[in-house]
>>> print(open('data.txt').read())   # compact mmCIF, C-alpha atoms
# COMPACT_ATOMS: atom_id res chain seq x y z
CA MET J 137 60.31 43.82 118.62
CA GLU J 138 60.81 43.81 114.89
CA GLU J 139 60.07 40.41 113.46
CA GLU J 140 61.27 39.49 110.02
CA VAL J 141 58.78 39.78 107.17
CA LYS J 142 59.15 37.72 104.02
CA LEU J 143 56.93 37.62 100.95
CA LEU J 144 56.90 34.66 98.59
CA GLY J 145 55.49 35.99 95.33
CA ALA J 146 55.68 35.59 91.57
CA TRP J 147 55.77 38.13 88.79
CA PRO J 148 53.32 39.17 87.33
CA SER J 149 50.68 37.74 89.64
CA PRO J 150 48.18 40.43 90.65
CA TYR J 151 47.64 38.50 93.91
CA SER J 152 51.32 38.94 94.68
CA TYR J 153 51.07 42.65 93.90
CA ARG J 154 48.18 43.09 96.34
CA VAL J 155 50.53 42.21 99.18
CA LEU J 156 53.40 44.25 97.70
CA TRP J 157 51.10 47.28 97.62
CA ALA J 158 49.96 46.80 101.22
CA LEU J 159 53.59 46.41 102.36
CA SER J 160 54.44 49.58 100.50
CA LEU J 161 51.47 51.59 101.77
CA LYS J 162 52.17 50.57 105.36
CA ASP J 163 55.88 51.17 104.95
CA ILE J 164 56.89 47.71 106.15
CA LYS J 165 60.38 46.33 105.55
CA TYR J 166 60.41 42.89 103.99
CA GLU J 167 62.42 40.39 102.03
CA TYR J 168 60.96 39.38 98.69
CA VAL J 169 61.38 35.86 97.35
CA GLU J 170 60.44 35.32 93.69
CA GLU J 171 58.97 31.85 93.19
CA ASP J 172 59.29 29.91 89.96
CA LEU J 173 55.77 28.49 89.71
CA SER J 174 56.87 25.79 87.29
CA ASN J 175 59.35 24.60 89.90
CA LYS J 176 57.97 25.40 93.35
CA SER J 177 60.47 25.68 96.16
CA ASP J 178 60.47 23.40 99.19
CA LEU J 179 59.94 26.54 101.22
CA LEU J 180 56.68 27.35 99.43
CA LEU J 181 55.42 23.78 99.76
CA GLN J 182 56.27 23.84 103.44
CA TYR J 183 54.62 27.23 104.05
CA ASN J 184 51.48 26.59 102.01
CA PRO J 185 50.87 22.83 101.97
CA VAL J 186 47.13 23.23 101.41
CA TYR J 187 47.16 25.25 98.17
CA LYS J 188 50.88 25.37 97.24
CA LYS J 189 50.32 28.87 95.85
CA ILE J 190 51.72 32.35 96.18
CA PRO J 191 51.48 34.87 97.75
CA VAL J 192 52.57 33.69 101.17
CA LEU J 193 53.49 36.22 103.83
CA VAL J 194 55.85 34.93 106.50
CA HIS J 195 56.02 36.99 109.69
CA GLY J 196 58.50 35.90 112.34
CA GLY J 197 58.60 32.47 110.70
CA LYS J 198 54.81 32.03 110.70
CA PRO J 199 53.22 31.69 107.24
CA ILE J 200 49.92 33.18 106.09
CA SER J 201 48.34 32.24 102.74
CA GLU J 202 45.48 33.60 100.59
CA SER J 203 45.83 37.27 99.66
CA LEU J 204 42.63 38.46 101.36
CA VAL J 205 43.56 36.65 104.58
CA ILE J 206 47.05 38.19 104.33
CA LEU J 207 45.63 41.69 103.84
CA GLU J 208 43.36 41.36 106.91
CA TYR J 209 46.32 40.09 108.96
CA MET J 210 48.47 43.00 107.83
CA GLU J 211 45.70 45.46 108.69
CA GLU J 212 45.51 44.09 112.24
CA THR J 213 49.24 43.79 112.79
CA TRP J 214 50.33 47.09 111.19
CA PRO J 215 47.43 49.51 111.70
CA GLN J 216 49.22 52.54 110.19
CA ASN J 217 47.68 53.81 106.95
CA PRO J 218 44.55 51.72 107.49
CA LEU J 219 43.00 49.88 104.57
CA LEU J 220 39.70 49.21 106.31
CA PRO J 221 37.32 51.68 107.93
CA GLN J 222 36.76 51.61 111.73
CA ASP J 223 32.99 51.36 111.71
CA PRO J 224 31.87 47.70 111.66
CA TYR J 225 29.15 48.30 109.07
CA ASP J 226 31.48 50.17 106.71
CA LYS J 227 34.06 47.44 107.27
CA ALA J 228 31.50 44.76 106.35
CA MET J 229 30.62 46.66 103.16
CA ALA J 230 34.30 47.00 102.24
CA ARG J 231 34.75 43.25 102.77
CA PHE J 232 31.64 42.56 100.71
CA TRP J 233 32.93 44.49 97.69
CA ALA J 234 36.42 43.08 98.06
CA LYS J 235 34.95 39.58 98.01
CA PHE J 236 32.72 40.50 95.08
CA GLY J 237 35.77 41.67 93.14
CA GLU J 238 37.61 38.52 94.09
CA ASP J 239 34.77 36.16 93.17
CA LYS J 240 34.23 37.79 89.77
CA GLY J 241 37.87 37.42 88.73
CA PRO J 242 37.26 34.28 86.63
CA ILE J 243 34.52 36.08 84.67
CA PHE J 244 37.05 38.65 83.49
CA MET J 245 39.74 36.10 82.78
CA ALA J 246 37.25 34.19 80.64
CA ILE J 247 37.84 36.62 77.73
CA PHE J 248 41.49 35.70 77.88
CA VAL J 249 40.96 31.98 77.45
CA THR J 250 38.19 32.01 74.83
CA VAL J 251 37.65 32.97 71.21
CA GLY J 252 34.78 33.79 68.89
CA GLU J 253 31.24 33.47 70.19
CA GLU J 254 32.29 32.14 73.56
CA GLN J 255 34.53 35.16 74.03
CA GLU J 256 31.73 37.56 73.08
CA LYS J 257 29.51 35.93 75.67
CA ALA J 258 32.27 36.21 78.27
CA ALA J 259 32.75 39.90 77.41
CA LYS J 260 29.05 40.59 77.90
CA GLU J 261 29.10 38.97 81.33
CA ALA J 262 32.23 40.86 82.30
CA LYS J 263 30.66 44.19 81.35
CA GLU J 264 27.66 43.42 83.57
CA GLN J 265 30.03 43.07 86.51
CA LEU J 266 31.79 46.31 85.54
CA THR J 267 28.42 48.07 85.60
CA ILE J 268 27.80 46.87 89.15
CA LEU J 269 31.25 48.04 90.19
CA GLU J 270 30.82 51.39 88.46
CA GLU J 271 27.39 52.18 89.85
CA GLN J 272 27.15 50.44 93.18
CA ALA J 273 30.61 49.80 94.48
CA LEU J 274 32.37 52.99 93.34
CA GLY J 275 29.57 55.48 92.68
CA GLU J 276 30.71 59.08 93.19
CA LYS J 277 33.67 58.18 95.40
CA LYS J 278 37.29 58.88 94.50
CA PHE J 279 38.29 55.40 95.48
CA PHE J 280 36.35 52.31 96.48
CA GLY J 281 37.66 53.01 99.99
CA GLY J 282 36.35 56.60 99.91
CA ASP J 283 38.82 59.49 99.86
CA LYS J 284 41.76 57.16 100.31
CA ILE J 285 42.47 53.77 98.85
CA GLY J 286 41.40 50.72 100.84
CA LEU J 287 41.05 46.97 100.75
CA THR J 288 38.64 46.94 97.82
CA ASP J 289 40.90 49.17 95.71
CA ILE J 290 43.78 46.81 96.33
CA VAL J 291 41.75 43.73 95.45
CA LEU J 292 40.53 45.41 92.25
CA GLY J 293 43.95 46.87 91.51
CA TRP J 294 44.45 44.30 88.79
CA MET J 295 42.01 46.35 86.73
CA ALA J 296 44.47 49.22 86.83
CA GLY J 297 47.62 47.36 85.96
CA TRP J 298 46.54 44.26 84.09
CA LEU J 299 43.19 44.74 82.42
CA ASP J 300 44.36 46.82 79.48
CA VAL J 301 47.12 44.30 78.73
CA ILE J 302 44.58 41.45 78.89
CA GLU J 303 42.27 43.47 76.62
CA GLU J 304 45.01 44.12 74.08
CA VAL J 305 46.16 40.51 74.02
CA SER J 306 42.58 39.17 73.85
CA GLY J 307 41.60 41.59 71.10
CA LEU J 308 38.65 43.30 72.73
CA LYS J 309 37.91 46.21 75.04
CA LEU J 310 35.88 45.88 78.23
CA LEU J 311 36.57 49.05 80.21
CA GLU J 312 35.57 51.66 77.64
CA ALA J 313 35.94 55.21 78.99
CA GLU J 314 32.56 56.32 77.59
CA THR J 315 30.66 53.38 79.10
CA PHE J 316 32.50 53.32 82.42
CA PRO J 317 33.68 56.89 83.05
CA ARG J 318 34.00 56.48 86.83
CA LEU J 319 35.95 53.24 86.70
CA HIS J 320 38.13 54.71 83.99
CA ALA J 321 38.90 57.74 86.15
CA TRP J 322 39.54 55.46 89.14
CA VAL J 323 42.13 53.47 87.14
CA GLN J 324 44.08 56.66 86.36
CA ARG J 325 43.83 57.81 89.96
CA PHE J 326 44.88 54.44 91.39
CA LYS J 327 48.02 54.31 89.29
CA GLU J 328 49.15 57.68 90.70
CA VAL J 329 48.85 56.76 94.39
CA PRO J 330 52.25 56.88 96.11
CA GLY J 331 53.07 53.34 97.10
CA ILE J 332 51.18 51.95 94.12
CA LYS J 333 52.87 54.09 91.46
CA GLU J 334 56.30 52.63 92.15
CA GLN J 335 54.97 49.07 92.25
CA LEU J 336 53.26 48.48 88.94
CA PRO J 337 54.46 45.74 86.60
CA ASP J 338 56.16 46.81 83.39
CA ARG J 339 53.59 46.96 80.61
CA ASP J 340 55.85 45.81 77.78
CA GLU J 341 57.08 42.84 79.75
CA MET J 342 53.49 41.92 80.59
CA LEU J 343 52.45 42.10 76.95
CA VAL J 344 55.11 39.57 76.04
CA TYR J 345 54.15 37.33 78.95
CA TYR J 346 50.39 37.37 78.37
CA LYS J 347 50.68 37.08 74.59
CA LYS J 348 52.57 33.85 75.09
CA LYS J 349 49.99 32.60 77.59
CA ARG J 350 47.09 33.40 75.29
CA GLU J 351 48.75 31.51 72.46
CA MET J 352 49.07 28.52 74.76
CA PHE J 353 45.38 28.68 75.71
CA ILE J 354 44.09 29.26 72.20
CA GLY J 355 46.34 26.56 70.87
CA SER J 356 44.67 24.10 73.22
CA VAL J 357 41.20 25.39 72.36
CA LYS J 358 41.44 24.87 68.58
CA PRO J 359 39.82 21.61 67.41
CA MET E 1206 21.83 50.39 121.06
CA ALA E 1207 18.38 49.17 120.22
CA ASP E 1208 18.76 48.62 116.52
CA GLU E 1209 16.47 46.12 114.96
CA ILE E 1210 17.98 42.99 113.48
CA ILE E 1211 16.25 41.31 110.57
CA LEU E 1212 17.54 38.12 109.04
CA LEU E 1213 16.53 37.30 105.49
CA ASP E 1214 17.11 33.60 105.12
CA PHE E 1215 16.11 30.55 103.13
CA TRP E 1216 15.49 27.66 105.53
CA PRO E 1217 17.67 24.88 104.02
CA SER E 1218 20.62 27.19 103.41
CA PRO E 1219 23.69 26.23 105.44
CA PHE E 1220 24.86 29.84 104.94
CA GLY E 1221 21.81 31.35 106.61
CA MET E 1222 22.20 28.84 109.43
CA ARG E 1223 25.69 30.16 110.12
CA VAL E 1224 24.24 33.60 110.83
CA ARG E 1225 21.56 32.10 113.07
CA VAL E 1226 24.23 30.25 115.07
CA ALA E 1227 26.25 33.46 115.48
CA LEU E 1228 23.20 35.46 116.57
CA ALA E 1229 22.29 32.71 119.06
CA GLU E 1230 25.85 32.60 120.41
CA LYS E 1231 25.56 36.31 121.17
CA GLY E 1232 22.10 35.91 122.69
CA LEU E 1233 20.56 38.32 120.19
CA LYS E 1234 16.91 38.71 119.33
CA TYR E 1235 16.01 39.17 115.69
CA GLU E 1236 13.17 39.01 113.24
CA TYR E 1237 13.38 36.10 110.86
CA ARG E 1238 12.01 36.48 107.34
CA GLU E 1239 11.88 33.57 104.97
CA GLU E 1240 13.07 34.46 101.49
CA ASP E 1241 13.05 31.95 98.69
CA PRO E 1242 15.87 33.00 96.36
CA ARG E 1243 14.03 31.34 93.51
CA ASN E 1244 11.33 33.96 93.99
CA LYS E 1245 13.30 37.15 94.43
CA ASN E 1246 11.27 39.33 96.74
CA PRO E 1247 11.26 42.92 95.43
CA LEU E 1248 11.75 44.19 98.96
CA LEU E 1249 15.03 42.28 99.10
CA LEU E 1250 16.21 43.92 95.94
CA GLU E 1251 15.08 47.36 97.05
CA MET E 1252 16.77 47.40 100.42
CA ASN E 1253 19.91 49.42 100.52
CA PRO E 1254 22.87 47.13 100.42
CA PRO E 1255 22.21 44.70 103.21
CA ILE E 1256 25.25 42.79 104.38
CA CYS E 1257 25.58 39.66 102.32
CA GLU E 1258 28.05 36.82 102.40
CA SER E 1259 27.55 34.73 105.51
CA MET E 1260 31.08 34.84 106.99
CA ILE E 1261 31.26 38.61 106.44
CA ILE E 1262 27.99 38.84 108.37
CA VAL E 1263 29.36 36.59 111.13
CA GLN E 1264 32.45 38.82 111.40
CA TYR E 1265 30.24 41.89 111.62
CA ILE E 1266 28.15 40.31 114.40
CA ASP E 1267 31.33 39.31 116.23
CA GLU E 1268 32.73 42.85 116.01
CA VAL E 1269 29.58 44.70 117.05
CA TRP E 1270 28.57 42.38 119.89
CA ASN E 1271 32.07 41.77 121.05
CA LYS E 1272 31.47 41.36 124.79
CA LYS E 1273 29.83 37.94 124.64
CA SER E 1274 31.11 34.64 123.18
CA PRO E 1275 33.87 35.92 120.88
CA LEU E 1276 34.00 33.82 117.74
CA LEU E 1277 37.33 35.04 116.37
CA PRO E 1278 40.43 34.82 118.58
CA SER E 1279 42.17 38.04 119.58
CA ASP E 1280 45.64 37.18 118.28
CA PRO E 1281 46.09 38.36 114.65
CA TYR E 1282 47.89 35.20 113.55
CA GLN E 1283 45.19 32.94 115.06
CA ARG E 1284 42.58 35.13 113.37
CA ALA E 1285 44.37 34.70 110.04
CA GLN E 1286 44.31 30.92 110.50
CA ALA E 1287 40.58 31.01 111.32
CA ARG E 1288 39.83 33.13 108.24
CA PHE E 1289 41.97 30.83 106.09
CA TRP E 1290 40.05 27.71 107.11
CA ALA E 1291 36.63 29.36 106.85
CA ASP E 1292 37.59 30.44 103.34
CA TYR E 1293 38.80 26.88 102.59
CA ILE E 1294 35.40 25.51 103.62
CA ASP E 1295 33.62 28.06 101.41
CA LYS E 1296 35.87 27.35 98.43
CA LYS E 1297 35.94 23.58 98.58
CA LEU E 1298 32.91 22.02 100.19
CA TYR E 1299 29.71 23.54 98.91
CA GLU E 1300 30.29 23.07 95.17
CA LEU E 1301 31.60 19.53 95.61
CA GLY E 1302 28.71 18.59 97.86
CA ARG E 1303 26.32 19.90 95.25
CA ARG E 1304 27.98 17.73 92.63
CA ILE E 1305 27.50 14.67 94.82
CA TRP E 1306 23.73 15.04 94.74
CA SER E 1307 23.35 16.53 91.29
CA THR E 1308 25.51 14.24 89.16
CA LYS E 1309 25.85 10.53 88.43
CA GLY E 1310 28.43 7.93 87.48
CA GLU E 1311 32.06 8.93 87.20
CA GLU E 1312 31.45 12.63 87.84
CA GLN E 1313 29.69 11.82 91.08
CA GLU E 1314 32.36 9.35 92.12
CA THR E 1315 35.11 11.92 91.53
CA ALA E 1316 33.20 14.58 93.47
CA LYS E 1317 32.65 12.18 96.34
CA ASN E 1318 36.32 11.21 96.56
CA GLU E 1319 37.49 14.82 96.46
CA PHE E 1320 34.90 15.76 99.07
CA ILE E 1321 36.17 13.04 101.43
CA GLU E 1322 39.74 14.18 100.80
CA TYR E 1323 38.88 17.75 101.83
CA LEU E 1324 36.95 16.58 104.90
CA LYS E 1325 40.01 14.59 105.94
CA ILE E 1326 42.17 17.69 105.62
CA LEU E 1327 39.72 19.54 107.86
CA GLU E 1328 39.74 16.63 110.27
CA GLY E 1329 43.52 16.90 110.39
CA GLU E 1330 43.22 20.60 111.14
CA LEU E 1331 40.84 19.85 114.02
CA GLY E 1332 43.31 17.34 115.45
CA GLU E 1333 42.73 16.59 119.10
CA LYS E 1334 41.05 19.91 119.84
CA PRO E 1335 37.42 19.86 121.00
CA TYR E 1336 36.61 22.63 118.50
CA PHE E 1337 38.36 24.23 115.54
CA GLY E 1338 38.46 27.31 117.77
CA GLY E 1339 40.38 25.35 120.42
CA GLU E 1340 38.73 25.00 123.81
CA LYS E 1341 35.84 27.17 122.72
CA PHE E 1342 33.45 27.05 119.78
CA GLY E 1343 34.55 29.63 117.20
CA PHE E 1344 34.55 31.07 113.72
CA VAL E 1345 35.58 27.96 111.79
CA ASP E 1346 33.17 25.83 113.82
CA VAL E 1347 30.34 28.14 112.73
CA ALA E 1348 31.50 27.91 109.11
CA LEU E 1349 31.55 24.11 109.01
CA VAL E 1350 28.88 22.88 111.43
CA THR E 1351 25.96 24.07 109.32
CA PHE E 1352 27.13 21.92 106.41
CA SER E 1353 26.52 18.90 108.61
CA THR E 1354 22.81 19.33 107.91
CA LEU E 1355 23.61 18.32 104.33
CA PHE E 1356 25.70 15.28 105.27
CA TYR E 1357 22.73 12.91 105.30
CA ALA E 1358 21.75 14.04 101.79
CA TYR E 1359 25.33 13.66 100.51
CA GLU E 1360 25.62 10.22 102.08
CA SER E 1361 22.37 8.93 100.68
CA PHE E 1362 22.97 10.13 97.12
CA GLY E 1363 26.70 9.42 97.14
CA ASN E 1364 26.27 6.09 98.87
CA PHE E 1365 28.95 6.46 101.53
CA SER E 1366 29.27 7.08 105.24
CA ILE E 1367 31.00 10.23 106.45
CA GLU E 1368 31.26 8.72 109.93
CA VAL E 1369 33.28 5.81 108.55
CA GLU E 1370 35.59 8.13 106.58
CA CYS E 1371 35.92 10.90 109.18
CA PRO E 1372 34.88 9.68 112.64
CA LYS E 1373 36.53 12.59 114.48
CA LEU E 1374 34.63 15.09 112.38
CA ILE E 1375 31.31 13.43 113.15
CA ALA E 1376 32.23 13.37 116.85
CA TRP E 1377 32.90 17.09 116.54
CA THR E 1378 29.48 17.77 114.93
CA LYS E 1379 27.81 15.91 117.82
CA ARG E 1380 29.79 17.99 120.31
CA CYS E 1381 28.71 21.20 118.58
CA LYS E 1382 25.08 20.13 118.56
CA GLU E 1383 25.19 19.85 122.36
CA LYS E 1384 25.31 23.64 122.32
CA GLU E 1385 21.90 25.28 122.38
CA SER E 1386 22.97 27.94 119.86
CA VAL E 1387 23.80 25.22 117.33
CA SER E 1388 20.98 22.74 117.93
CA SER E 1389 18.36 25.51 117.80
CA SER E 1390 19.73 26.87 114.51
CA LEU E 1391 20.40 23.73 112.50
CA LYS E 1392 17.61 22.31 110.40
CA ASP E 1393 16.70 18.63 110.56
CA PRO E 1394 18.92 16.72 108.07
CA GLN E 1395 15.90 14.63 107.04
CA LYS E 1396 14.02 17.77 106.04
CA VAL E 1397 17.09 19.10 104.19
CA HIS E 1398 17.32 15.74 102.43
CA GLY E 1399 13.67 16.15 101.40
CA PHE E 1400 14.49 19.57 99.98
CA VAL E 1401 17.40 18.14 97.97
CA ILE E 1402 15.08 15.45 96.55
CA GLU E 1403 12.76 18.24 95.44
CA MET E 1404 15.65 20.12 93.83
CA ARG E 1405 16.75 17.03 91.95
CA LYS E 1406 13.22 16.57 90.58
CA LYS E 1407 13.10 20.19 89.48
CA LEU E 1408 16.46 19.83 87.76
CA GLY E 1409 15.33 16.61 86.11
CA ILE E 1410 17.95 14.39 87.73
CA GLU E 1411 17.11 10.76 88.31
>>> encode(input="data.txt", output="structure tokens")
Amino acid sequence: MEEEVKLLGAWPSPYSYRVLWALSLKDIKYEYVEEDLSNKSDLLLQYNPVYKKIPVLVHGGKPISESLVILEYMEETWPQNPLLPQDPYDKAMARFWAKFGEDKGPIFMAIFVTVGEEQEKAAKEAKEQLTILEEQALGEKKFFGGDKIGLTDIVLGWMAGWLDVIEEVSGLKLLEAETFPRLHAWVQRFKEVPGIKEQLPDRDEMLVYYKKKREMFIGSVKP
Amino acid sequence: MADEIILLDFWPSPFGMRVRVALAEKGLKYEYREEDPRNKNPLLLEMNPPICESMIIVQYIDEVWNKKSPLLPSDPYQRAQARFWADYIDKKLYELGRRIWSTKGEEQETAKNEFIEYLKILEGELGEKPYFGGEKFGFVDVALVTFSTLFYAYESFGNFSIEVECPKLIAWTKRCKEKESVSSSLKDPQKVHGFVIEMRKKLGIE
């Protein structure tokens, strides 16, 4: 019995894209609803009363919120093209790195909302996290998930589509190819994966969007 | 499958307690090793990635020892709800609770009010069910019940009563503590309170 799948998302949220990628990789039919986050719909407020945020996946009328929770649900409901390994230990490690990537998000975004010395400090911290990802999470593997992309790749996918825009707009480079050769190679590889390739936000449009946002943040930071 | 289980824990940690509850629920024997995170043991750092993050560990335990006392429901949608609320507890409660005992004045008051607000939301989610898991003790119950060891500390420093604000939640903690797996894993709130007093001294709060 095919139950209707709906995704409430918002461009260019990387959280939204995580679910779009999973839908694409698992070849699931869905209806996409673009939310205006400055004017949230009654539907969104009804489906996610706790956080009032996107993405929300609605399956057969039942809503699921929080991208990691959504991804786990999708994995269990549509097991084709699995994103998680079968072995419980490998699964736990995949979840660990996915959570690590998730938890460190604010550290990377810090360079976007700061200037001067504060920004330099934020950049240093961000590079420490990149080192951990490069050496311990990715290592010699093609993808974080091994030979094929998995949950962790999807959670870190923002590094492939968004990081270089954030870097350009913030005026500094974090993911230097010489310092992080493996991560750099992974970014190129990730962007070529069928299912991901067709679902990457337009770079020029993102530049406009994030430039505006940075101006807003910096404007509020100035004394 | 006679693999050894070792738990590296720090006694007042509500996160370590979650793992102890899960292991007890499954009737598993394990070796307990006390690790003070303020004194990083080199062995801890050397060990090849152990599984960290308490709810990831609980999920692992639930998946490997899946014949006894399942903690997550079998239906994917129910599982998603359980994961959502466990994540909510992790996101909202710990940091706020910390602010209640580590700040003063307006900051503390704000933290306290937000904390009560979030507890009330959880109380609403519990509803009339005996456990968050429904008829049986489950994943979300494990996630929240260990925080109850910190309630006495929060109440004494924040000067409020959780029982007055959220009577159903306190009734639920008492129900959980009737289970051997919970009562044997939770530390005495008075001792935890003592630990928090020590932490405050070390941080120079008074």
>>> closest_residue(input="data.txt", among="J:Phe353, J:Phe326, J:Phe236, J:Tyr345", to="chain E", atoms="all atoms listed in the file")
J:Phe236
>>> interface_residues(input="data.txt", of="chain J", to="chain E", cutoff="12 Å", atoms="only C-alpha atoms", output="number ranges by chain")
J: 184-187, 193-215, 222-236, 239, 272-273
>>> write_last_selection(input="data.txt", atoms="C-alpha atoms", output="mmCIF file, keeping the file's coordinate frame")
data_model
loop_
_atom_site.group_PDB
_atom_site.id
_atom_site.type_symbol
_atom_site.label_atom_id
_atom_site.label_comp_id
_atom_site.auth_asym_id
_atom_site.auth_seq_id
_atom_site.Cartn_x
_atom_site.Cartn_y
_atom_site.Cartn_z
ATOM 1 C CA ASN J 184 51.480 26.590 102.010
ATOM 2 C CA PRO J 185 50.870 22.830 101.970
ATOM 3 C CA VAL J 186 47.130 23.230 101.410
ATOM 4 C CA TYR J 187 47.160 25.250 98.170
ATOM 5 C CA LEU J 193 53.490 36.220 103.830
ATOM 6 C CA VAL J 194 55.850 34.930 106.500
ATOM 7 C CA HIS J 195 56.020 36.990 109.690
ATOM 8 C CA GLY J 196 58.500 35.900 112.340
ATOM 9 C CA GLY J 197 58.600 32.470 110.700
ATOM 10 C CA LYS J 198 54.810 32.030 110.700
ATOM 11 C CA PRO J 199 53.220 31.690 107.240
ATOM 12 C CA ILE J 200 49.920 33.180 106.090
ATOM 13 C CA SER J 201 48.340 32.240 102.740
ATOM 14 C CA GLU J 202 45.480 33.600 100.590
ATOM 15 C CA SER J 203 45.830 37.270 99.660
ATOM 16 C CA LEU J 204 42.630 38.460 101.360
ATOM 17 C CA VAL J 205 43.560 36.650 104.580
ATOM 18 C CA ILE J 206 47.050 38.190 104.330
ATOM 19 C CA LEU J 207 45.630 41.690 103.840
ATOM 20 C CA GLU J 208 43.360 41.360 106.910
ATOM 21 C CA TYR J 209 46.320 40.090 108.960
ATOM 22 C CA MET J 210 48.470 43.000 107.830
ATOM 23 C CA GLU J 211 45.700 45.460 108.690
ATOM 24 C CA GLU J 212 45.510 44.090 112.240
ATOM 25 C CA THR J 213 49.240 43.790 112.790
ATOM 26 C CA TRP J 214 50.330 47.090 111.190
ATOM 27 C CA PRO J 215 47.430 49.510 111.700
ATOM 28 C CA GLN J 222 36.760 51.610 111.730
ATOM 29 C CA ASP J 223 32.990 51.360 111.710
ATOM 30 C CA PRO J 224 31.870 47.700 111.660
ATOM 31 C CA TYR J 225 29.150 48.300 109.070
ATOM 32 C CA ASP J 226 31.480 50.170 106.710
ATOM 33 C CA LYS J 227 34.060 47.440 107.270
ATOM 34 C CA ALA J 228 31.500 44.760 106.350
ATOM 35 C CA MET J 229 30.620 46.660 103.160
ATOM 36 C CA ALA J 230 34.300 47.000 102.240
ATOM 37 C CA ARG J 231 34.750 43.250 102.770
ATOM 38 C CA PHE J 232 31.640 42.560 100.710
ATOM 39 C CA TRP J 233 32.930 44.490 97.690
ATOM 40 C CA ALA J 234 36.420 43.080 98.060
ATOM 41 C CA LYS J 235 34.950 39.580 98.010
ATOM 42 C CA PHE J 236 32.720 40.500 95.080
ATOM 43 C CA ASP J 239 34.770 36.160 93.170
ATOM 44 C CA GLN J 272 27.150 50.440 93.180
ATOM 45 C CA ALA J 273 30.610 49.800 94.480
#
>>> closest_residue(input="data.txt", among="E:Arg1304, E:Lys1234, E:Lys1406, E:His1398", to="Ser1361 in chain E", atoms="all atoms listed in the file")
E:His1398
>>> residues_near_point(input="data.txt", point="(19.7, 34.2, 121.8)", cutoff="12 Å", atoms="all atoms listed in the file", output="list in words")
Val1224, Arg1225, Val1226, Ala1227, Leu1228, Ala1229, Glu1230, Lys1231, Gly1232, Leu1233, Lys1234, Tyr1235, Glu1236, Lys1273, Ser1274, Lys1384, Glu1385, Ser1386, Val1387, Ser1389 and Ser1390 of chain E
>>> atom_distance(input="data.txt", atom1="CA of Pro1217 in chain E", atom2="CA of Phe1400 in chain E")
7.4 Å
>>> closest_residue(input="data.txt", among="E:Leu1301, E:Ala1316, E:Ala1376, E:Val1347", to="Gly1332 in chain E", atoms="only C-alpha atoms")
E:Ala1376
>>> residues_around(input="data.txt", residues="Leu1213 in chain E", least_positions_apart="6", cutoff="8 Å", atoms="only C-alpha atoms", output="number ranges by chain")
E: 1237-1240
>>> write_last_selection(input="data.txt", atoms="C-alpha atoms", output="short mmCIF file (atom, residue, chain, number, x, y, z; two decimals), in the frame of the given file")
data_model
loop_
_atom_site.label_atom_id
_atom_site.label_comp_id
_atom_site.auth_asym_id
_atom_site.auth_seq_id
_atom_site.Cartn_x
_atom_site.Cartn_y
_atom_site.Cartn_z
CA TYR E 1237 13.38 36.10 110.86
CA ARG E 1238 12.01 36.48 107.34
CA GLU E 1239 11.88 33.57 104.97
CA GLU E 1240 13.07 34.46 101.49
#
>>> residues_around(input="data.txt", residues="Phe1344 in chain E", least_positions_apart="2", cutoff="7 Å", atoms="all atoms listed in the file", output="MDAnalysis selection string")
chainID E and resid 1276:1277 1287 1338 1346:1348
>>> closest_residue(input="data.txt", among="J:Ala246, J:Ser152, J:Asp300, J:Gly331", to="Ile164 in chain J", atoms="only C-alpha atoms")
J:Gly331
>>> residues_around(input="data.txt", residues="Ala1358 in chain E", least_positions_apart="6", cutoff="9 Å", atoms="only C-alpha atoms", output="VMD selection string")
chain E and resid 1306 1394 to 1395 1397 to 1399 1401 to 1402
>>> closest_residue(input="data.txt", among="E:Ser1388, E:Ser1353, E:Ser1259, E:Asn1271", to="Ile1375 in chain E", atoms="only C-alpha atoms")
E:Ser1353
>>> residues_around(input="data.txt", residues="Arg154 in chain J", least_positions_apart="5", cutoff="8 Å", atoms="only C-alpha atoms", output="list in words")
Ser203, Ile290, Val291 and Gly293 of chain J
>>> atom_distance(input="data.txt", atom1="CA of Cys1371 in chain E", atom2="CA of Glu1328 in chain E")
7.0 Å
>>> atom_distance(input="data.txt", atom1="CA of Thr267 in chain J", atom2="CA of Lys347 in chain J")
27.2 Å
>>> residues_near_point(input="data.txt", point="(37.5, 52.6, 94.0)", cutoff="7 Å", atoms="all atoms listed in the file", output="PDB file with C-alpha atoms, in the frame of the given file")
ATOM      1  CA  LEU J 274      32.370  52.990  93.340  1.00  0.00           C
ATOM      2  CA  LYS J 277      33.670  58.180  95.400  1.00  0.00           C
ATOM      3  CA  LYS J 278      37.290  58.880  94.500  1.00  0.00           C
ATOM      4  CA  PHE J 279      38.290  55.400  95.480  1.00  0.00           C
ATOM      5  CA  PHE J 280      36.350  52.310  96.480  1.00  0.00           C
ATOM      6  CA  GLY J 281      37.660  53.010  99.990  1.00  0.00           C
ATOM      7  CA  THR J 288      38.640  46.940  97.820  1.00  0.00           C
ATOM      8  CA  ASP J 289      40.900  49.170  95.710  1.00  0.00           C
ATOM      9  CA  TRP J 322      39.540  55.460  89.140  1.00  0.00           C
TER      10      TRP J 322
END
>>> closest_residue(input="data.txt", among="J:Leu336, J:Met352, J:Leu269, J:Ala259", to="Pro148 in chain J", atoms="all atoms listed in the file")
J:Leu336
>>> axis_aligned_box(input="data.txt", around="range 242-251 of chain J", padding_each_side="6 Å", output="lines of an AutoDock Vina configuration file")
center_x = 38.0
center_y = 35.3
center_z = 78.9
size_x = 19.0
size_y = 18.7
size_z = 27.4
